[in-house]
Amino acid sequence: MYFRDVVKRGSRSLRASKLRTLLTALAIAVGAFVLSLTLAASNGLHDYTGKLISNNFDPSELIVGRDKTIGSGSAAGSDPQEYDDSISTVSVGAKSSVQVKRITEAEAEGLRQKPYVEKVRENFQITIRYITREGQKKYTGGAEPYNPSQKPELGAGAVPSGGDIKTGSVLLPEVYVKLLGFQNDQDAIGKTIQVDIQQPFSTESLKALLTSNQTAAQLANSEAVKAKDQVFSYTIAAVTKKTATSLAIGVEPIRISSTDAREVYDFSAKGTTDYNKYLFVSVQVKDGADAAKLNAAEDNLRSEGFYVQSSKDLQKTITQFVNILTIMVGVFGFITVIASVFGIVNTQYISVLERTREIGLMKALGMARGEISQLFMIEATWIGLLGGALGSIAGIVTGIALNPYLTKKLDLGAGNSLLIYRPLQMALLIAALMLVATIAGLLPARKAAKLDPIEALRTE
Amino acid sequence: MIKVKDVSKVYGKKEGMFTALENINLTIPDGATLAIVGKSGSGKSTLMHVMSGLDHITAGSIIIDGKELAKLKPKAMDRFRATEMSFIFQSFFIEPNQSCYQNVMLPLEIAQVPRKKRREMVKDALLDVELESKIDTDASKLSGGQKQRLAIARAIVNKPSLIFADEPTGNLDSATGDKIMDLLFELNKTLGSTLIIVTHDHDLAARCKMQVRIKDGKIESMKGFK
């Protein structure tokens, strides 16, 4: 018998008992459904983390720090470390804090001198008192230097396609637009906002006071003992929307140019013990898109005792999480498939028993053992195909139906889906299920092949 | 030509031993009609099974067209059966939920007849049994006599040189049975295939040119042999 005839004959026998075929296939379909959802969710999460990384980090940039929490992405060790000036306490949550060894400006400067370094951005911690505008109320907020690798979604205005924004300009988060009395996003462009920064009372100011030869009474009323503050004015270059892939926590900060950030930082932190010490700096590697150059830079920095994290490392940390979840759900799907295997074995056994006569006749007419067993295995393959296809289709339909809801519920942001189906993956899944079904059909097929035609054809 | 030489068939061993056939000798020329008669349990079915190669013999030899069946490898035996032999059974053994076309095509599929030739061959065979109008009808819709005619079409579609019929009229009323027998003998004449009928029907047996009566696994009497 030609293989094609075997396939056709197999499908005809299945069509002859439609309900049974369908029910057996449904068992596999459940497994296929779970597995297809798992794959789709894993695709979606991988895509999402990929976007998260690429929207927040420049792949040619390395995060460089002095503390091992930077390199490993995990919490600091429980062992005390040797103290030096650069260590500071960072609070984590309400009750705990960790000591983090920071990178100093001198070290950052050293990094700038390295031949493979394009640029070094310090991670300024800027504390601002309030943001306001003439005739408006004052609002709290944060500020950070503009990071060209973060692609903000703009409500109005524009940012340069590469490099820093202009000195004196600011990117204003959309939440402030109405608060500061603008009509809409477009209305805010080109207008000015005021940011008030407080200067802490530093050892420098104390020195100045002590050497000023004033009496205590004079000092008490002096302006010098009050905390100083200064208002910085910026022109709004663009209004930013909070993107789903932003890693900012809480209210989105305003973004200023790195020169302005430096100025503000100097004003607000000079003279404090924390001045010119950073949790990390971002080092842009020359031609860092080239993996070899990036790796060489990483190795060099590590050899000098820095802790380094690339955007790939970050992605790995996140995807590892996703992978564990995927495997867990996948195991359930796999178990379902195994259960359905017994369904196929059972159905095919019954089919062999029911078709004893047919098998006997085919053998008497000269059909070889191998062809008989092939026929029954092909039938199982067909069941696998049917089940796989039904499950995958159900999965895809579920994806189409649930995606809008899930995107909203999980706050993934427009354009991002949790369930992403890939045709090749689905095809491979169905092929794998067909293989599993065929293997399940092996035992009944062997029974059919071994059948004695004389016994089978005996007329009672 | 079929030569059956000193054929014995024994089932089981020692105390449970049962001799189904003992020293059978027959020579059947091409195109002959042979009836194997005997009571049930006499060994007539076993004789048919060993002659068709479905069952193995314990001693002796069966030679068909110069080929000794016992020496054929399983594959060659399957091929031989697929191209040279066919069967008609008392209970028809047709697939009720397949069309007449599908039923008759089975031997052609097994013998790997090229796809293009099949429909023509099936049509010819159905024409011979006067079922040409039912080609695409489901076999379940046929009457008993039509079913057996369909089985005959299946048996002749591949133009085999040897047709075995096991009680072909056993499940039919006598009028329909007579018609089936007329058809079988006519096809024997037109196609020239050797027809071997296993039956306990004396009228049917009498219509065959050669007859052999089996009793307790031995030949009791022979008629029409040279």
# chains A, B, ... in the order shown; residues from 1 in each chain; ligands from 1

$ select_by_dssp --residues "range 245-326 of chain A" --states "alpha helix (DSSP H)" --output "ChimeraX atom specification"
/A:258-269,291-303,311-326

$ write_last_selection --atoms "C-alpha atoms" --output "compact mmCIF listing (two decimals), in the first residue's frame"
# COMPACT_ATOMS: atom_id res chain seq x y z
CA SER A 258 22.82 67.01 32.15
CA THR A 259 24.47 70.44 32.40
CA ASP A 260 21.47 71.78 34.32
CA ALA A 261 21.37 68.64 36.38
CA ARG A 262 24.99 69.17 37.28
CA GLU A 263 24.31 72.75 38.30
CA VAL A 264 21.33 71.83 40.43
CA TYR A 265 23.17 68.94 41.96
CA ASP A 266 26.15 71.12 42.83
CA PHE A 267 23.84 73.65 44.42
CA SER A 268 21.88 71.12 46.42
CA ALA A 269 24.58 68.68 47.44
CA ALA A 291 29.17 42.90 21.60
CA ALA A 292 32.88 42.15 21.53
CA LYS A 293 33.82 45.73 22.41
CA LEU A 294 31.19 45.88 25.11
CA ASN A 295 32.45 42.64 26.62
CA ALA A 296 36.06 43.83 26.51
CA ALA A 297 35.04 47.01 28.34
CA GLU A 298 33.09 44.99 30.91
CA ASP A 299 36.05 42.72 31.53
CA ASN A 300 38.42 45.65 31.92
CA LEU A 301 36.11 47.38 34.40
CA ARG A 302 35.63 44.21 36.40
CA SER A 303 39.38 43.65 36.56
CA SER A 311 21.36 45.81 29.71
CA LYS A 312 21.71 42.15 28.69
CA ASP A 313 22.48 41.16 32.27
CA LEU A 314 19.40 43.04 33.39
CA GLN A 315 17.29 41.35 30.77
CA LYS A 316 18.65 37.99 31.82
CA THR A 317 17.63 38.60 35.41
CA ILE A 318 14.10 39.43 34.36
CA THR A 319 13.75 36.70 31.75
CA GLN A 320 14.98 34.11 34.20
CA PHE A 321 11.90 34.89 36.22
CA VAL A 322 9.69 34.64 33.17
CA ASN A 323 11.29 31.35 32.19
CA ILE A 324 10.66 29.77 35.57
CA LEU A 325 6.99 30.74 35.33
CA THR A 326 6.80 29.39 31.79

$ closest_atom_pairs --of "chain A" --to "chain B" --cutoff "10 Å" --atoms "only C-alpha atoms" --output "tab-separated table"
residue	atom	partner	partner_atom	distance
A:Met1	CA	B:Ile110	CA	4.5
A:Tyr2	CA	B:Gln112	CA	6.3
A:Arg4	CA	B:Glu109	CA	9.9
A:Asp5	CA	B:Glu109	CA	6.8
A:Val6	CA	B:Glu109	CA	8.7
A:Arg9	CA	B:Gln102	CA	9.2
A:Arg12	CA	B:Gln98	CA	8.3
A:Ser13	CA	B:Gln98	CA	8.9
A:Arg15	CA	B:Asn97	CA	9.8
A:Ala16	CA	B:Asn97	CA	6.6
A:Ser17	CA	B:Asn97	CA	9.7
A:Arg355	CA	B:Glu95	CA	9.7
A:Arg357	CA	B:Phe93	CA	6.9
A:Glu358	CA	B:Phe93	CA	7.2
A:Gly360	CA	B:Phe93	CA	9.5
A:Leu361	CA	B:Phe93	CA	7.4
A:Met362	CA	B:Leu106	CA	7.9
A:Lys363	CA	B:Asp78	CA	7.9
A:Ala364	CA	B:Leu54	CA	6.8
A:Leu365	CA	B:Ala82	CA	5.2
A:Gly366	CA	B:Asp78	CA	4.1
A:Met367	CA	B:Ile110	CA	5.6
A:Ala368	CA	B:Asp78	CA	6.1
A:Arg369	CA	B:Lys75	CA	9.1
A:Gly370	CA	B:Lys75	CA	10.0
A:Glu371	CA	B:Ile110	CA	9.1
A:Asp452	CA	B:Leu54	CA	8.9
A:Pro453	CA	B:Leu54	CA	7.2
A:Ile454	CA	B:Leu54	CA	7.0
A:Leu457	CA	B:Phe89	CA	8.4
A:Arg458	CA	B:Phe89	CA	9.5
A:Thr459	CA	B:Ser91	CA	7.1
A:Glu460	CA	B:Ser91	CA	9.3

$ select_by_dssp --residues "range 19-199 of chain B" --states "strand (DSSP E or B)" --output "MDAnalysis selection string"
chainID B and resid 19:28 33:37 59:64 67:68 85:88 99 138 162:166 194:199

$ write_last_selection --atoms "N, CA and C atoms" --output "short mmCIF file (atom, residue, chain, number, x, y, z; two decimals), in the first residue's frame"
data_model
loop_
_atom_site.label_atom_id
_atom_site.label_comp_id
_atom_site.auth_asym_id
_atom_site.auth_seq_id
_atom_site.Cartn_x
_atom_site.Cartn_y
_atom_site.Cartn_z
N THR B 19 -4.79 -33.65 14.64
CA THR B 19 -4.41 -33.67 13.24
C THR B 19 -5.55 -33.12 12.39
N ALA B 20 -5.32 -31.95 11.79
CA ALA B 20 -6.37 -31.31 10.99
C ALA B 20 -6.35 -31.82 9.56
N LEU B 21 -5.16 -32.07 9.05
CA LEU B 21 -5.03 -32.58 7.69
C LEU B 21 -3.99 -33.70 7.70
N GLU B 22 -4.26 -34.72 6.90
CA GLU B 22 -3.32 -35.84 6.89
C GLU B 22 -3.12 -36.31 5.46
N ASN B 23 -1.88 -36.24 4.98
CA ASN B 23 -1.51 -36.76 3.67
C ASN B 23 -2.46 -36.37 2.55
N ILE B 24 -2.62 -35.10 2.36
CA ILE B 24 -3.50 -34.63 1.28
C ILE B 24 -2.69 -34.51 0.00
N ASN B 25 -3.16 -35.07 -1.08
CA ASN B 25 -2.51 -34.94 -2.38
C ASN B 25 -3.55 -34.50 -3.40
N LEU B 26 -3.29 -33.35 -4.05
CA LEU B 26 -4.23 -32.84 -5.05
C LEU B 26 -3.44 -32.14 -6.16
N THR B 27 -3.93 -32.21 -7.38
CA THR B 27 -3.35 -31.40 -8.45
C THR B 27 -4.51 -30.69 -9.14
N ILE B 28 -4.47 -29.33 -9.10
CA ILE B 28 -5.59 -28.57 -9.66
C ILE B 28 -5.08 -27.77 -10.85
N THR B 33 -12.63 -25.55 -11.64
CA THR B 33 -13.52 -25.26 -10.54
C THR B 33 -13.48 -26.46 -9.62
N LEU B 34 -13.14 -26.18 -8.35
CA LEU B 34 -13.00 -27.27 -7.38
C LEU B 34 -13.87 -26.98 -6.17
N ALA B 35 -14.62 -28.00 -5.76
CA ALA B 35 -15.39 -27.88 -4.54
C ALA B 35 -14.73 -28.72 -3.47
N ILE B 36 -14.50 -28.11 -2.30
CA ILE B 36 -14.00 -28.89 -1.16
C ILE B 36 -15.20 -29.05 -0.24
N VAL B 37 -15.67 -30.29 -0.09
CA VAL B 37 -16.86 -30.51 0.73
C VAL B 37 -16.52 -31.33 1.96
N ALA B 59 3.77 -30.71 7.35
CA ALA B 59 4.60 -31.55 6.48
C ALA B 59 4.07 -31.48 5.06
N GLY B 60 4.90 -31.87 4.09
CA GLY B 60 4.51 -31.85 2.69
C GLY B 60 4.84 -30.52 2.04
N SER B 61 4.22 -30.26 0.86
CA SER B 61 4.49 -29.00 0.19
C SER B 61 3.29 -28.58 -0.65
N ILE B 62 3.13 -27.25 -0.80
CA ILE B 62 2.09 -26.70 -1.67
C ILE B 62 2.81 -25.85 -2.70
N ILE B 63 2.62 -26.18 -3.98
CA ILE B 63 3.31 -25.44 -5.04
C ILE B 63 2.26 -24.81 -5.95
N ILE B 64 2.31 -23.49 -6.04
CA ILE B 64 1.38 -22.77 -6.92
C ILE B 64 2.20 -22.10 -8.01
N LYS B 67 5.80 -22.02 -7.47
CA LYS B 67 6.36 -21.45 -6.25
C LYS B 67 5.94 -22.28 -5.04
N GLU B 68 6.91 -22.69 -4.25
CA GLU B 68 6.56 -23.42 -3.03
C GLU B 68 6.26 -22.41 -1.93
N MET B 85 -4.22 -13.87 -5.64
CA MET B 85 -5.33 -14.55 -4.94
C MET B 85 -6.37 -13.55 -4.48
N SER B 86 -7.57 -14.09 -4.29
CA SER B 86 -8.57 -13.27 -3.62
C SER B 86 -9.56 -14.17 -2.90
N PHE B 87 -10.37 -13.57 -2.06
CA PHE B 87 -11.25 -14.34 -1.17
C PHE B 87 -12.68 -13.83 -1.21
N ILE B 88 -13.61 -14.79 -1.09
CA ILE B 88 -15.02 -14.45 -0.91
C ILE B 88 -15.48 -15.20 0.34
N SER B 99 -18.04 3.47 0.66
CA SER B 99 -18.77 3.33 -0.60
C SER B 99 -18.35 2.04 -1.30
N ASP B 138 -23.05 3.93 -0.33
CA ASP B 138 -22.48 3.27 0.84
C ASP B 138 -22.86 1.80 0.83
N LEU B 162 -6.42 -16.99 -8.85
CA LEU B 162 -6.97 -17.96 -7.91
C LEU B 162 -7.98 -17.27 -6.99
N ILE B 163 -9.23 -17.79 -6.98
CA ILE B 163 -10.24 -17.21 -6.09
C ILE B 163 -10.70 -18.28 -5.12
N PHE B 164 -10.61 -17.96 -3.82
CA PHE B 164 -11.11 -18.86 -2.79
C PHE B 164 -12.46 -18.34 -2.31
N ALA B 165 -13.45 -19.24 -2.30
CA ALA B 165 -14.77 -18.84 -1.81
C ALA B 165 -15.16 -19.76 -0.66
N ASP B 166 -15.34 -19.14 0.53
CA ASP B 166 -15.66 -19.93 1.73
C ASP B 166 -17.16 -19.81 1.99
N THR B 194 -8.90 -19.76 -11.50
CA THR B 194 -9.22 -21.01 -10.81
C THR B 194 -10.15 -20.66 -9.65
N LEU B 195 -11.22 -21.42 -9.48
CA LEU B 195 -12.19 -21.14 -8.42
C LEU B 195 -12.22 -22.32 -7.46
N ILE B 196 -11.90 -22.04 -6.21
CA ILE B 196 -11.93 -23.10 -5.19
C ILE B 196 -12.99 -22.73 -4.17
N ILE B 197 -14.04 -23.59 -4.09
CA ILE B 197 -15.16 -23.29 -3.22
C ILE B 197 -15.18 -24.28 -2.06
N VAL B 198 -15.25 -23.74 -0.85
CA VAL B 198 -15.41 -24.58 0.33
C VAL B 198 -16.89 -24.54 0.70
N THR B 199 -17.52 -25.72 0.75
CA THR B 199 -18.97 -25.70 1.03
C THR B 199 -19.42 -27.04 1.61
#

$ atom_distance --atom1 "CA of Pro173 in chain A" --atom2 "CA of Ser161 in chain A"
18.9 Å

$ atom_distance --atom1 "CA of Ile53 in chain A" --atom2 "CA of Lys409 in chain A"
21.4 Å

$ closest_residue --among "B:Gln148, B:Lys209, B:Phe225, B:Leu131" --to "Thr176 in chain B" --atoms "only C-alpha atoms"
B:Gln148

$ residues_around --residues "Lys8 in chain A" --least-positions-apart "6" --cutoff "10 Å" --atoms "only C-alpha atoms" --output "PDB file with C-alpha atoms, in the first residue's frame"
ATOM      1  CA  LEU A  14     -11.699   8.195  11.752  1.00  0.00           C
ATOM      2  CA  LEU A 375      -2.429   2.430   9.218  1.00  0.00           C
ATOM      3  CA  ILE A 378      -1.444   7.197  11.085  1.00  0.00           C
ATOM      4  CA  GLU A 379      -4.913   7.237  12.609  1.00  0.00           C
TER       5      GLU A 379
END

$ atom_distance --atom1 "CA of Val281 in chain A" --atom2 "CA of Ile165 in chain A"
19.2 Å

$ residues_around --residues "Ile236 in chain A" --least-positions-apart "2" --cutoff "8 Å" --atoms "only C-alpha atoms" --output "JSON, numbers by chain"
{"A": [169, 170, 171, 172, 188, 189, 190, 191, 192, 193, 234, 238, 239]}

$ residues_around --residues "Leu429 in chain A" --least-positions-apart "4" --cutoff "12 Å" --atoms "only C-alpha atoms" --output "number ranges by chain"
A: 28-29, 31-40, 333-334, 337, 384-385, 387-393, 421-425, 433-436

$ write_last_selection --atoms "C-alpha atoms" --output "PDB file, in the first residue's frame"
ATOM      1  CA  ILE A  28      -5.149  16.418  23.425  1.00  0.00           C
ATOM      2  CA  ALA A  29      -6.754  19.742  22.611  1.00  0.00           C
ATOM      3  CA  GLY A  31      -3.083  20.011  26.516  1.00  0.00           C
ATOM      4  CA  ALA A  32      -2.496  21.926  23.304  1.00  0.00           C
ATOM      5  CA  PHE A  33      -4.567  24.797  24.670  1.00  0.00           C
ATOM      6  CA  VAL A  34      -2.548  25.033  27.898  1.00  0.00           C
ATOM      7  CA  LEU A  35       0.746  24.722  26.052  1.00  0.00           C
ATOM      8  CA  SER A  36      -0.207  27.285  23.420  1.00  0.00           C
ATOM      9  CA  LEU A  37      -1.261  29.765  26.117  1.00  0.00           C
ATOM     10  CA  THR A  38       1.984  29.123  27.971  1.00  0.00           C
ATOM     11  CA  LEU A  39       4.036  29.745  24.854  1.00  0.00           C
ATOM     12  CA  ALA A  40       2.028  32.849  24.002  1.00  0.00           C
ATOM     13  CA  GLY A 333       0.271  21.334  30.015  1.00  0.00           C
ATOM     14  CA  PHE A 334       2.688  18.470  29.578  1.00  0.00           C
ATOM     15  CA  VAL A 337      -0.816  15.749  27.216  1.00  0.00           C
ATOM     16  CA  GLY A 384      -2.960  14.318  17.284  1.00  0.00           C
ATOM     17  CA  LEU A 385      -3.287  16.767  14.418  1.00  0.00           C
ATOM     18  CA  GLY A 387      -6.408  17.798  18.841  1.00  0.00           C
ATOM     19  CA  GLY A 388      -3.391  20.024  18.349  1.00  0.00           C
ATOM     20  CA  ALA A 389      -5.200  22.183  15.820  1.00  0.00           C
ATOM     21  CA  LEU A 390      -8.349  22.480  17.974  1.00  0.00           C
ATOM     22  CA  GLY A 391      -6.323  23.390  21.060  1.00  0.00           C
ATOM     23  CA  SER A 392      -4.194  25.921  19.227  1.00  0.00           C
ATOM     24  CA  ILE A 393      -7.194  27.550  17.606  1.00  0.00           C
ATOM     25  CA  TYR A 421       1.142  33.698  19.119  1.00  0.00           C
ATOM     26  CA  ARG A 422       3.869  32.856  16.642  1.00  0.00           C
ATOM     27  CA  PRO A 423       2.841  30.709  13.629  1.00  0.00           C
ATOM     28  CA  LEU A 424       6.069  28.699  13.573  1.00  0.00           C
ATOM     29  CA  GLN A 425       5.775  27.949  17.274  1.00  0.00           C
ATOM     30  CA  LEU A 433       1.600  16.597  19.539  1.00  0.00           C
ATOM     31  CA  MET A 434       1.244  14.586  16.340  1.00  0.00           C
ATOM     32  CA  LEU A 435       4.471  12.824  17.206  1.00  0.00           C
ATOM     33  CA  VAL A 436       3.286  12.136  20.745  1.00  0.00           C
TER      34      VAL A 436
END
